[in-house]
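Peer 1: Contents of final_27.txt (compact mmCIF, C-alpha atoms) are given next:
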```txt
# COMPACT_ATOMS: atom_id res chain seq x y z
CA MET M 1368 105.12 106.24 68.01
CA SER M 1369 107.75 105.09 65.60
CA GLY M 1370 108.24 108.59 64.29
CA ALA M 1371 107.18 112.15 64.87
CA VAL M 1372 103.66 113.12 65.72
CA SER M 1373 102.95 114.55 62.33
CA ASN M 1374 100.63 117.34 61.36
CA SER M 1375 98.22 114.68 60.15
CA LEU M 1376 97.50 113.89 63.77
CA GLU M 1377 96.20 117.34 64.52
CA GLY M 1378 92.44 117.62 64.65
CA PRO M 1379 89.51 119.18 66.41
CA ASP M 1380 89.40 116.54 69.12
CA GLY M 1381 92.66 114.65 68.72
CA GLY M 1382 91.05 111.35 67.77
CA ARG M 1383 92.35 108.09 69.15
CA PRO M 1384 96.04 109.17 68.96
CA GLY M 1385 95.24 112.30 70.95
CA TRP M 1386 93.51 110.49 73.78
CA VAL M 1387 96.29 107.92 73.92
CA ALA M 1388 98.70 110.84 74.35
CA VAL M 1389 96.47 112.18 77.14
CA LEU M 1390 96.55 108.76 78.82
CA ALA M 1391 100.34 108.66 78.60
CA PHE M 1392 100.61 112.19 80.04
CA TRP M 1393 98.13 111.33 82.82
CA THR M 1394 100.04 108.15 83.68
CA LYS M 1395 103.35 110.01 83.69
CA ASN M 1396 101.96 112.59 86.11
CA LEU M 1397 100.54 109.89 88.39
CA MET M 1398 103.79 107.92 88.52
CA GLU M 1399 105.88 111.06 88.97
CA ILE M 1400 103.91 111.87 92.12
CA GLY M 1401 104.41 108.29 93.28
CA ILE M 1402 108.19 108.64 93.01
CA THR M 1403 108.44 112.09 94.62
CA LYS M 1404 105.65 111.77 97.19
CA GLY M 1405 106.85 108.32 98.14
CA LEU M 1406 110.31 109.69 98.87
CA GLY M 1407 108.79 112.48 100.95
CA ILE M 1408 106.76 110.07 103.09
CA MET M 1409 109.83 107.90 103.65
CA LEU M 1410 112.03 110.82 104.75
CA PRO M 1411 111.98 110.05 108.51
CA ILE M 1412 112.71 106.34 108.12
CA LEU M 1413 115.36 106.94 105.45
CA GLN M 1414 117.11 109.38 107.77
CA ILE M 1415 117.36 106.64 110.39
CA GLN M 1416 118.13 103.70 108.12
CA LEU M 1417 120.76 105.52 106.06
CA THR M 1418 122.19 107.28 109.14
CA SER M 1419 121.88 110.64 107.43
CA GLN M 1420 120.54 114.08 108.25
CA MET M 1421 117.04 115.19 107.29
CA TRP M 1422 118.19 118.06 105.09
CA ILE M 1423 120.36 115.73 103.02
CA ILE M 1424 117.47 113.35 102.29
CA GLY M 1425 115.19 116.31 101.55
CA TRP M 1426 117.82 117.77 99.26
CA ILE M 1427 117.62 114.66 97.07
CA ALA M 1428 114.06 115.60 96.09
CA SER M 1429 115.20 119.14 95.27
CA LEU M 1430 118.11 117.85 93.18
CA THR M 1431 115.76 115.55 91.29
CA THR M 1432 113.51 118.50 90.42
CA ALA M 1433 116.50 120.65 89.47
CA THR M 1434 117.89 117.96 87.17
CA SER M 1435 114.54 117.64 85.43
CA GLY M 1436 114.64 121.34 84.63
CA PHE M 1437 118.19 121.28 83.32
CA VAL M 1438 117.57 118.40 80.89
CA ALA M 1439 114.12 119.59 79.74
CA PRO M 1440 115.40 121.62 76.73
CA PHE M 1441 116.62 118.36 75.17
CA GLY M 1442 113.18 116.70 75.35
CA GLY M 1443 112.07 117.80 71.91
CA LEU M 1444 115.33 116.69 70.31
CA VAL M 1445 115.21 113.11 71.62
CA SER M 1446 111.49 112.90 70.84
CA ARG M 1447 112.08 113.67 67.18
CA ARG M 1448 115.11 111.44 66.95
CA PHE M 1449 113.58 108.34 68.53
CA GLY M 1450 109.81 108.98 68.60
CA ALA M 1451 107.69 110.15 71.52
CA GLY M 1452 106.36 106.68 72.36
CA TYR M 1453 109.80 105.14 72.66
CA VAL M 1454 111.04 108.07 74.73
CA MET M 1455 108.09 107.73 77.13
CA MET M 1456 108.84 104.02 77.49
CA THR M 1457 112.51 104.70 78.22
CA CYS M 1458 111.68 107.39 80.77
CA GLY M 1459 109.26 105.01 82.47
CA VAL M 1460 112.02 102.40 82.75
CA MET M 1461 114.41 105.01 84.18
CA MET M 1462 111.96 106.20 86.85
CA SER M 1463 111.12 102.64 87.80
CA ALA M 1464 114.81 101.68 87.91
CA ALA M 1465 115.55 104.60 90.24
CA ALA M 1466 113.05 103.34 92.82
CA ILE M 1467 113.90 99.66 92.43
CA ALA M 1468 117.66 100.23 92.62
CA GLY M 1469 117.04 102.62 95.51
CA SER M 1470 115.83 99.70 97.60
CA PHE M 1471 119.41 98.32 97.58
CA VAL M 1472 121.30 101.51 98.57
CA GLU M 1473 123.42 101.68 101.69
CA ASN M 1474 123.88 105.44 102.02
CA SER M 1475 122.30 108.73 100.99
CA LEU M 1476 124.90 109.43 98.27
CA GLN M 1477 123.89 106.32 96.34
CA LEU M 1478 120.22 107.27 96.66
CA ALA M 1479 120.94 110.82 95.49
CA LEU M 1480 122.81 109.61 92.39
CA LEU M 1481 120.03 107.19 91.44
CA TYR M 1482 117.19 109.67 91.86
CA THR M 1483 119.03 112.61 90.35
CA LEU M 1484 120.45 110.90 87.28
CA LEU M 1485 117.63 108.46 86.53
CA ALA M 1486 114.38 109.86 87.96
CA GLY M 1487 115.34 113.52 87.44
CA THR M 1488 116.34 113.03 83.81
CA ALA M 1489 113.26 110.91 83.06
CA LYS M 1490 110.96 113.45 84.71
CA GLY M 1491 112.31 116.39 82.71
CA ILE M 1492 112.36 114.66 79.32
CA SER M 1493 109.00 112.89 79.64
CA ASN M 1494 107.21 116.03 80.78
CA VAL M 1495 108.22 117.93 77.63
CA VAL M 1496 107.55 114.98 75.31
CA ALA M 1497 104.11 114.22 76.76
CA LYS M 1498 102.97 117.85 76.71
CA GLU M 1499 104.13 118.27 73.14
CA ALA M 1500 102.35 115.09 72.02
CA VAL M 1501 99.06 116.32 73.50
CA GLY M 1502 99.58 119.78 72.03
CA ARG M 1503 100.18 118.38 68.54
CA CYS M 1504 97.09 116.18 68.59
CA PHE M 1505 94.56 118.71 69.90
CA THR M 1506 93.47 122.10 68.66
CA LYS M 1507 89.87 122.82 69.64
CA ASN M 1508 89.88 120.78 72.87
CA TYR M 1509 93.50 121.28 73.90
CA ALA M 1510 92.65 122.92 77.24
CA THR M 1511 90.27 120.10 78.13
CA ALA M 1512 92.79 117.43 77.17
CA SER M 1513 95.55 119.16 79.14
CA GLY M 1514 93.29 119.48 82.17
CA ILE M 1515 92.35 115.81 82.11
CA ALA M 1516 95.99 114.78 81.82
CA ARG M 1517 96.99 116.99 84.74
CA THR M 1518 94.45 115.35 87.04
CA GLY M 1519 97.06 112.61 87.31
CA TYR M 1520 98.87 114.83 89.82
CA SER M 1521 95.76 115.17 91.99
CA VAL M 1522 94.95 111.47 91.82
CA GLY M 1523 98.55 110.67 92.71
CA LEU M 1524 98.41 112.87 95.80
CA ILE M 1525 95.19 111.17 96.91
CA VAL M 1526 96.31 107.59 96.17
CA PHE M 1527 100.01 107.38 96.91
CA ALA M 1528 100.08 108.97 100.38
CA PRO M 1529 98.04 106.19 102.09
CA LEU M 1530 99.41 103.52 99.75
CA VAL M 1531 103.07 104.24 100.52
CA GLN M 1532 102.27 104.38 104.22
CA LEU M 1533 100.59 100.96 103.96
CA PHE M 1534 103.61 99.56 102.14
CA LEU M 1535 105.93 100.97 104.83
CA ASP M 1536 103.93 99.42 107.65
CA THR M 1537 103.80 96.05 105.86
CA TYR M 1538 107.06 95.63 103.96
CA GLY M 1539 109.49 98.24 105.30
CA TRP M 1540 111.22 100.94 103.27
CA ARG M 1541 113.13 98.62 100.94
CA GLY M 1542 110.02 96.67 100.05
CA THR M 1543 108.14 99.94 99.59
CA MET M 1544 110.67 101.18 97.05
CA LEU M 1545 110.45 97.90 95.15
CA LEU M 1546 106.67 98.15 95.00
CA VAL M 1547 106.68 101.83 93.99
CA GLY M 1548 109.18 101.01 91.26
CA ALA M 1549 106.99 98.17 90.02
CA ILE M 1550 103.91 100.43 89.94
CA THR M 1551 105.89 103.07 88.04
CA MET M 1552 106.43 100.54 85.23
CA HIS M 1553 102.89 101.40 84.09
CA SER M 1554 104.49 104.37 82.33
CA VAL M 1555 106.23 101.91 80.05
CA ALA M 1556 102.89 100.37 79.09
CA SER M 1557 101.36 103.75 78.25
CA GLY M 1558 104.39 104.56 76.09
CA ALA M 1559 103.99 101.24 74.31
CA VAL M 1560 100.37 102.11 73.52
CA MET M 1561 101.62 105.36 71.96
CA VAL M 1562 104.01 103.36 69.77
CA ALA M 1563 101.21 101.08 68.61
CA THR M 1564 98.61 103.82 68.09
CA MET M 1565 100.30 106.79 66.51
CA GLN M 1566 100.15 107.10 62.73
CA PRO M 1567 103.44 106.36 60.97
CA GLU M 1568 103.36 109.31 58.56
CA LEU M 1569 106.12 111.81 59.13
CA ASP M 1570 106.07 115.52 58.62
CA GLN M 1571 108.86 116.07 56.14
CA SER M 1572 110.23 118.94 58.21
CA ASN M 1573 110.92 116.39 60.95
CA ALA M 1574 111.79 113.47 58.69
CA TYR M 1575 115.26 113.06 60.15
CA GLN M 1576 113.81 111.07 63.03
CA THR M 1577 113.68 107.76 61.25
CA LEU M 1578 115.96 107.12 58.30
CA PRO M 1579 113.87 105.45 55.58
CA GLN M 1580 114.89 102.04 54.33
CA THR M 1581 116.45 102.55 50.92
CA GLU M 1582 116.29 99.91 48.28
CA HIS M 1583 119.32 97.77 47.78
CA THR M 1584 119.80 99.19 44.31
CA ASN M 1585 120.22 102.78 45.48
CA SER M 1586 123.63 104.25 44.92
CA SER M 1587 125.91 105.57 47.65
CA SER M 1588 125.24 109.08 46.41
CA ALA M 1589 121.55 108.63 47.19
CA HIS M 1590 122.47 107.56 50.71
CA GLU M 1591 124.66 110.62 51.11
CA SER M 1592 121.92 112.88 49.79
CA THR M 1593 119.40 111.41 52.21
CA LEU M 1594 121.84 111.76 55.09
CA ARG M 1595 122.50 115.40 54.23
CA SER M 1596 118.76 116.02 54.06
CA HIS M 1597 118.21 114.50 57.49
CA CYS M 1598 121.14 116.41 58.98
CA GLY M 1599 119.74 119.61 57.51
CA SER M 1600 116.33 118.92 59.04
CA LEU M 1601 117.99 118.15 62.37
CA TRP M 1602 119.94 121.39 62.30
CA LYS M 1603 116.79 123.31 61.36
CA PHE M 1604 114.93 121.87 64.34
CA VAL M 1605 117.78 122.44 66.79
CA SER M 1606 118.42 126.02 65.68
CA LYS M 1607 114.72 126.90 65.69
CA ASN M 1608 114.07 125.50 69.16
CA PHE M 1609 117.26 126.88 70.69
CA GLU M 1610 116.34 130.24 69.19
CA VAL M 1611 113.20 130.09 71.31
CA GLY M 1612 115.11 129.76 74.56
CA LEU M 1613 117.67 132.46 73.90
CA LEU M 1614 117.17 136.17 73.39
CA LEU M 1615 115.72 135.82 69.90
CA ASN M 1616 111.98 135.45 70.44
CA SER M 1617 110.29 138.21 72.41
CA ARG M 1618 106.89 136.50 72.48
CA TYR M 1619 108.44 133.43 74.08
CA TRP M 1620 109.93 135.54 76.85
CA LEU M 1621 106.54 137.07 77.61
CA VAL M 1622 104.99 133.60 77.91
CA ALA M 1623 107.97 132.41 79.98
CA VAL M 1624 107.48 135.25 82.47
CA ILE M 1625 103.84 134.22 82.93
CA SER M 1626 104.74 130.57 83.49
CA CYS M 1627 107.74 131.20 85.74
CA CYS M 1628 105.97 133.66 88.02
CA THR M 1629 102.84 131.55 88.48
CA THR M 1630 104.87 128.40 89.14
CA TYR M 1631 107.15 130.18 91.60
CA ALA M 1632 104.25 131.67 93.56
CA TYR M 1633 102.44 128.31 93.75
CA LEU M 1634 105.51 126.39 94.92
CA MET M 1635 106.28 129.01 97.55
CA TRP M 1636 102.68 128.69 98.80
CA ILE M 1637 103.12 124.91 99.04
CA VAL M 1638 106.32 125.33 101.06
CA TYR M 1639 105.27 128.10 103.44
CA PHE M 1640 101.48 128.02 103.74
CA VAL M 1641 101.16 125.64 106.69
CA SER M 1642 103.75 127.57 108.71
CA GLN M 1643 102.09 130.84 107.76
CA ALA M 1644 98.68 129.54 108.85
CA GLN M 1645 100.09 128.42 112.20
CA SER M 1646 101.70 131.82 112.72
CA ASN M 1647 98.23 133.34 112.16
CA GLY M 1648 96.90 131.30 115.07
CA PHE M 1649 95.50 128.22 113.32
CA THR M 1650 96.25 124.70 114.53
CA LEU M 1651 98.11 122.15 112.46
CA GLU M 1652 94.85 120.24 111.92
CA GLU M 1653 93.10 123.36 110.67
CA ALA M 1654 96.00 124.13 108.33
CA GLY M 1655 95.80 120.56 107.02
CA SER M 1656 92.08 120.96 106.34
CA PHE M 1657 92.79 124.15 104.36
CA VAL M 1658 95.24 122.24 102.14
CA THR M 1659 92.89 119.27 101.67
CA ILE M 1660 89.88 121.33 100.61
CA ALA M 1661 92.06 123.58 98.47
CA GLY M 1662 93.47 120.47 96.77
CA ILE M 1663 89.95 119.47 95.76
CA ALA M 1664 89.44 123.00 94.40
CA ASN M 1665 92.67 122.61 92.41
CA LEU M 1666 91.31 119.43 90.82
CA PHE M 1667 88.04 121.20 89.99
CA GLY M 1668 89.92 124.13 88.44
CA THR M 1669 92.06 121.79 86.33
CA ILE M 1670 88.98 120.10 84.88
CA SER M 1671 86.65 123.09 84.56
CA GLN M 1672 89.08 125.42 82.75
CA GLY M 1673 88.88 123.32 79.60
CA LEU M 1674 85.10 123.36 79.60
CA ILE M 1675 85.13 127.14 80.04
CA THR M 1676 87.51 127.96 77.20
CA ASP M 1677 86.90 125.11 74.75
CA ARG M 1678 83.13 125.68 74.88
CA GLY M 1679 83.53 129.40 74.28
CA VAL M 1680 82.23 130.54 77.67
CA MET M 1681 85.35 132.68 78.18
CA SER M 1682 88.55 133.20 76.22
CA SER M 1683 91.88 131.93 77.52
CA TRP M 1684 93.17 135.49 77.83
CA THR M 1685 90.25 136.58 80.01
CA LEU M 1686 90.32 133.45 82.16
CA VAL M 1687 94.05 133.76 82.82
CA ALA M 1688 93.69 137.45 83.71
CA VAL M 1689 90.81 136.74 86.12
CA CYS M 1690 92.73 133.96 87.85
CA LEU M 1691 95.90 136.03 88.12
CA VAL M 1692 94.01 138.87 89.82
CA MET M 1693 92.04 136.49 92.05
CA SER M 1694 95.10 134.55 93.20
CA SER M 1695 97.25 137.66 93.67
CA VAL M 1696 94.67 139.23 95.95
CA SER M 1697 94.37 135.94 97.87
CA TYR M 1698 98.14 135.72 98.36
CA LEU M 1699 98.27 139.30 99.58
CA ALA M 1700 95.36 138.81 101.98
CA SER M 1701 96.23 135.38 103.40
CA SER M 1702 98.91 136.63 105.76
CA LEU M 1703 96.37 139.00 107.37
CA LEU M 1704 93.53 136.49 107.85
CA THR M 1705 92.88 135.04 111.30
CA SER M 1706 89.36 133.61 110.90
CA TYR M 1707 88.72 130.07 109.66
CA TRP M 1708 86.39 130.62 106.71
CA PRO M 1709 88.20 133.63 105.19
CA MET M 1710 91.45 131.64 105.35
CA MET M 1711 89.75 128.64 103.78
CA THR M 1712 88.39 130.85 101.00
CA SER M 1713 91.85 132.27 100.35
CA ALA M 1714 93.41 128.79 100.08
CA VAL M 1715 90.61 127.57 97.79
CA LEU M 1716 90.96 130.55 95.43
CA ILE M 1717 94.73 130.16 95.26
CA LEU M 1718 94.71 126.47 94.37
CA PHE M 1719 91.68 126.74 92.09
CA SER M 1720 93.51 129.49 90.18
CA ASP M 1721 96.67 127.36 90.03
CA GLY M 1722 94.66 124.49 88.53
CA VAL M 1723 93.45 126.84 85.82
CA LEU M 1724 96.77 128.59 85.22
CA SER M 1725 98.86 125.41 85.04
CA CYS M 1726 96.80 124.31 82.02
CA GLN M 1727 96.10 127.67 80.43
CA THR M 1728 99.78 128.67 80.31
CA ASP M 1729 100.34 125.66 78.05
CA VAL M 1730 97.42 126.82 75.91
CA LEU M 1731 98.99 130.28 75.65
CA VAL M 1732 102.32 128.78 74.61
CA LYS M 1733 100.63 127.00 71.72
CA GLN M 1734 98.53 130.01 70.73
CA VAL M 1735 101.48 132.39 70.74
CA LEU M 1736 104.32 130.24 69.38
CA GLY M 1737 102.56 127.55 67.34
CA VAL M 1738 102.77 123.78 67.44
CA GLU M 1739 106.24 123.43 65.90
CA LEU M 1740 107.91 125.31 68.78
CA LEU M 1741 106.07 123.54 71.60
CA ALA M 1742 108.90 121.21 72.61
CA GLY M 1743 111.50 123.97 72.67
CA ALA M 1744 109.22 126.33 74.56
CA PHE M 1745 108.21 123.77 77.20
CA GLY M 1746 111.80 122.69 77.69
CA TRP M 1747 113.26 126.17 78.05
CA ILE M 1748 110.45 127.29 80.34
CA ALA M 1749 111.15 124.32 82.62
CA LEU M 1750 114.81 125.31 82.73
CA LYS M 1751 114.00 128.92 83.60
CA VAL M 1752 111.59 127.84 86.36
CA THR M 1753 114.37 125.71 87.83
CA LEU M 1754 116.87 128.57 87.72
CA LEU M 1755 114.32 130.89 89.33
CA LEU M 1756 113.68 128.44 92.17
CA VAL M 1757 117.38 127.85 92.72
CA ALA M 1758 118.10 131.59 92.75
CA LEU M 1759 115.09 132.90 94.70
CA GLY M 1760 113.44 129.91 96.36
CA PHE M 1761 114.93 130.94 99.69
CA LEU M 1762 113.65 134.53 99.54
CA PRO M 1763 110.29 134.19 101.39
CA GLY M 1764 112.04 132.27 104.18
CA LEU M 1765 114.75 134.92 104.40
CA VAL M 1766 112.12 137.66 104.59
CA TYR M 1767 110.43 135.79 107.44
CA ASP M 1768 113.76 135.38 109.28
CA LEU M 1769 114.47 139.09 108.96
CA THR M 1770 110.99 140.36 109.88
CA GLY M 1771 109.66 137.57 112.12
CA SER M 1772 106.39 137.61 110.18
CA TYR M 1773 104.97 136.06 107.02
CA THR M 1774 103.17 139.26 106.09
CA ALA M 1775 106.02 140.68 104.02
CA ALA M 1776 106.83 137.23 102.60
CA PHE M 1777 103.31 136.71 101.26
CA LEU M 1778 103.15 140.28 100.02
CA LEU M 1779 106.22 139.36 97.97
CA ILE M 1780 104.60 136.17 96.67
CA GLY M 1781 101.39 138.03 95.78
CA SER M 1782 103.37 140.68 93.94
CA VAL M 1783 105.21 138.01 91.92
CA GLN M 1784 101.84 136.47 91.00
CA ALA M 1785 100.61 139.85 89.72
CA VAL M 1786 103.64 140.43 87.45
CA PRO M 1787 102.28 138.19 84.61
CA LEU M 1788 99.40 140.60 84.05
CA VAL M 1789 101.81 142.90 82.20
CA PRO M 1790 103.17 140.38 79.66
CA LEU M 1791 99.65 138.92 79.29
CA LEU M 1792 98.31 142.31 78.18
CA MET M 1793 101.31 142.77 75.86
CA LEU M 1794 100.70 139.39 74.25
CA ARG M 1795 97.01 140.06 73.88
CA TYR M 1796 97.70 143.38 72.20
CA SER M 1797 100.29 141.86 69.85
CA GLN M 1798 97.90 139.07 68.80
CA ARG M 1799 95.33 141.51 67.49
```
With the file now loaded, output its structure as structure tokens.
Peer 2:
Amino acid sequence: MSGAVSNSLEGPDGGRPGWVAVLAFWTKNLMEIGITKGLGIMLPILQIQLTSQMWIIGWIASLTTATSGFVAPFGGLVSRRFGAGYVMMTCGVMMSAAAIAGSFVENSLQLALLYTLLAGTAKGISNVVAKEAVGRCFTKNYATASGIARTGYSVGLIVFAPLVQLFLDTYGWRGTMLLVGAITMHSVASGAVMVATMQPELDQSNAYQTLPQTEHTNSSSAHESTLRSHCGSLWKFVSKNFEVGLLLNSRYWLVAVISCCTTYAYLMWIVYFVSQAQSNGFTLEEAGSFVTIAGIANLFGTISQGLITDRGVMSSWTLVAVCLVMSSVSYLASSLLTSYWPMMTSAVLILFSDGVLSCQTDVLVKQVLGVELLAGAFGWIALKVTLLLVALGFLPGLVYDLTGSYTAAFLLIGSVQAVPLVPLLMLRYSQR
């Protein structure tokens, strides 16, 4: 994509440019899981080989995620300056370089710097750029396209866990990092396809991305006029998208609350569910089976939500409300369940709802704010999710330490999941 994804790319089904954007988003999600999941699987051996403590190695993954959130608000800016395809290629190189260079580290500090600065930055920027590209290309089938792209996460979880373990057994941890880095280079290829596929026309409101080649006969005043025009467009974009993230757009804040609360509740479930299930009397194997089956339900929810809303079976507003209620009740009940099938049902409903909500929140962002504010909205929401996790990610664990039970902790998580019902109703009322 040599320039912006212009309005001419928008259509009922996205066309070829839209599905190329979906492929790039899907590949980015797949490779992102490879980088993060691979590091998680290698934690024990990295602790030994780098003579470090487990919490330090685990903290690297947290720092990588935090960095991605802090740089996300700049995703839209670099996309419009250099083009989404080129940005996706660069981010692919950065993620690959983090893993490849990581195979040569001698201590945990070097590994932390590589993953935080390279992989974390690439993850945050590419996530915003890819989501915006899909959002600009699709209107009628946006939920379906977003759901297909997000299946990259599920496929990554299924594929990379045994693959990284095979690499470890065969080549050791340094060889594993080299191979994971090489596989991650596929993101560069998908970005290159975006460059070759996207139409070159530019929306004039974003024309500052690529300075046009002026004829040799143009005067210096024409050059200055063009430069001023591009600078004005740049300032317009920056001010408009930074306005979204500050206190100047009430509708954005309502959408942000929905996204932040649902993401926080899901991540807390991922962290604490297995321990909570064991405290309820289930074995580690049974807890693992809950997560596996629920993961399949998450994949099904990601795919089916687009078919439900894009085919007119149910509106996005209704589907989000149903899933919020369903998952909130499941969170609240899970700490009280001691039988196998009720606990399995609770886990399935929670992850199925997350599969739906993770896509439908993006749909709501586009419906409420419009396509021109997508990059700013996605970037600022990612930053707020990061700040929320940094500030309150410890809270369920603290509640457990104080009470000795996960009941209060999961009551807290369920309550957080129910909060978005209020801004959802406010948004729905304001849209009428």
Peer 1: M:Phe1392, M:Tyr1509, M:Phe1527, M:Phe1761: which is nearest Cys1726 of chain M, counting all atoms listed in the file?
Peer 2: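 Counting all atoms listed in the file, the residue closest to Cys1726 of chain M is M:Tyr1509.
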Peer 1: For a test of reading the model, state the distance in Å between atom CA of Thr1685 of chain M and atom CA of Leu1788 of chain M, rounded to one decimal.
Peer 2: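 Going from atom CA of Thr1685 of chain M over to atom CA of Leu1788 of chain M, I get 10.8 Å.
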Peer 1: With all atoms listed in the file counted, which protein, DNA or RNA residues have an atom no more than 9 Å from (114.4, 107.9, 87.7) in the file frame? Please answer as a ChimeraX atom specification.
Peer 2: /M:1402,1431,1458-1466,1481-1490
Peer 1: Write out as a list in words each polymer residue whose atoms come within 9 Å of Pro1411 of chain M, counting only C-alpha atoms; drop sequence neighbours fewer than 4 positions from it.
Peer 2: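 Contacts, in chain order: Gly1407, Ile1415, Gln1416, Met1421 and Ile1424 of chain M.
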Peer 1: Any idea what the distance is between atom CA of Thr1457 of chain M and atom CA of Gly1542 of chain M?
Peer 2: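 These two atoms are separated by 23.4 Å.
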Peer 1: Given the point (89.8, 116.2, 87.9) in the coordinates of this file, which residues lie within 10 Å, counting only C-alpha atoms, and how would they look as a list in words?
Peer 2: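 Here is the list of nearby residues: Gly1514, Ile1515, Ala1516, Arg1517, Thr1518, Gly1519, Tyr1520, Ser1521, Val1522, Ile1663, Ala1664, Asn1665, Leu1666, Phe1667, Gly1668, Thr1669, Ile1670, Ser1671 and Gly1722 of chain M.
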Peer 1: So, counting all atoms listed in the file, which residue among M:Leu1410, M:Val1696, M:Ala1451, M:Cys1627 is closest to Leu1754 of chain M?
Peer 2: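 Of M:Leu1410, M:Val1696, M:Ala1451, M:Cys1627, the one nearest Leu1754 of chain M, counting all atoms listed in the file, is M:Cys1627.
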Peer 1: At what distance in Å, to one decimal, does atom CA of Ile1467 of chain M lie from atom CA of Met1455 of chain M?
Peer 2: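 Going from atom CA of Met1455 of chain M over to atom CA of Ile1467 of chain M covers 18.2 Å.
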Peer 1: Counting all atoms listed in the file, figure out which residue out of M:Cys1504, M:Val1555, M:Leu1621, M:Val1680 gets nearest to Leu1736 of chain M.
Peer 2: M:Leu1621
Peer 1: Nearest residue to Lys1498 of chain M out of M:Ser1706, M:Thr1629, M:Ser1429, M:Ser1725, using all atoms listed in the file?
Peer 2: M:Ser1725
Peer 1: Counting all atoms listed in the file, what is within 12 Å of Gly1523 of chain M, bar same-chain residues fewer than 3 positions away, as number ranges by chain?
Peer 2: M: 1393-1405, 1516-1520, 1526-1531, 1550-1551, 1662, 1666
Peer 1: Once 4 Å is added on each side, what centre and edge lengths in Å to one decimal does the axis-aligned box around all listed atoms of segment 1667-1677 of chain M have, as AutoDock Vina command-line options?
Peer 2:
```
--center_x 88.6 --center_y 124.0 --center_z 82.4 --size_x 15.0 --size_y 15.9 --size_z 23.2
```
Peer 1: Compile the contact shell of Val1438 of chain M as a count of residues only: residues with an atom at most 7 Å away, counting only C-alpha atoms, same-chain residues fewer than 4 positions apart removed.
Peer 2: 4
Peer 1: Just the residues within 8 Å of segment 1737-1748 of chain M, please, counting all atoms listed in the file, with nothing from its chain fewer than 4 positions along; format it as a PyMOL selection string.
Peer 2: chain M and resi 1436+1438-1443+1495-1496+1498-1499+1502-1503+1607-1609+1611-1612+1619+1623+1626-1627+1732-1733+1752
Peer 1: Go through M:Tyr1639, M:Gly1450, M:Ile1675, M:Leu1390 one by one, measure the shortest atom-to-atom distance of each to Leu1765 of chain M using all atoms listed in the file, and give the residue with the smallest value.
Peer 2: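 Ranked by minimum distance to Leu1765 of chain M, first place goes to M:Tyr1639.
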Peer 1: When distances are computed from only C-alpha atoms, which of M:Ser1682, M:Thr1676, M:Thr1564, M:Ser1694 shows the smallest separation from Arg1383 of chain M?
Peer 2: M:Thr1564
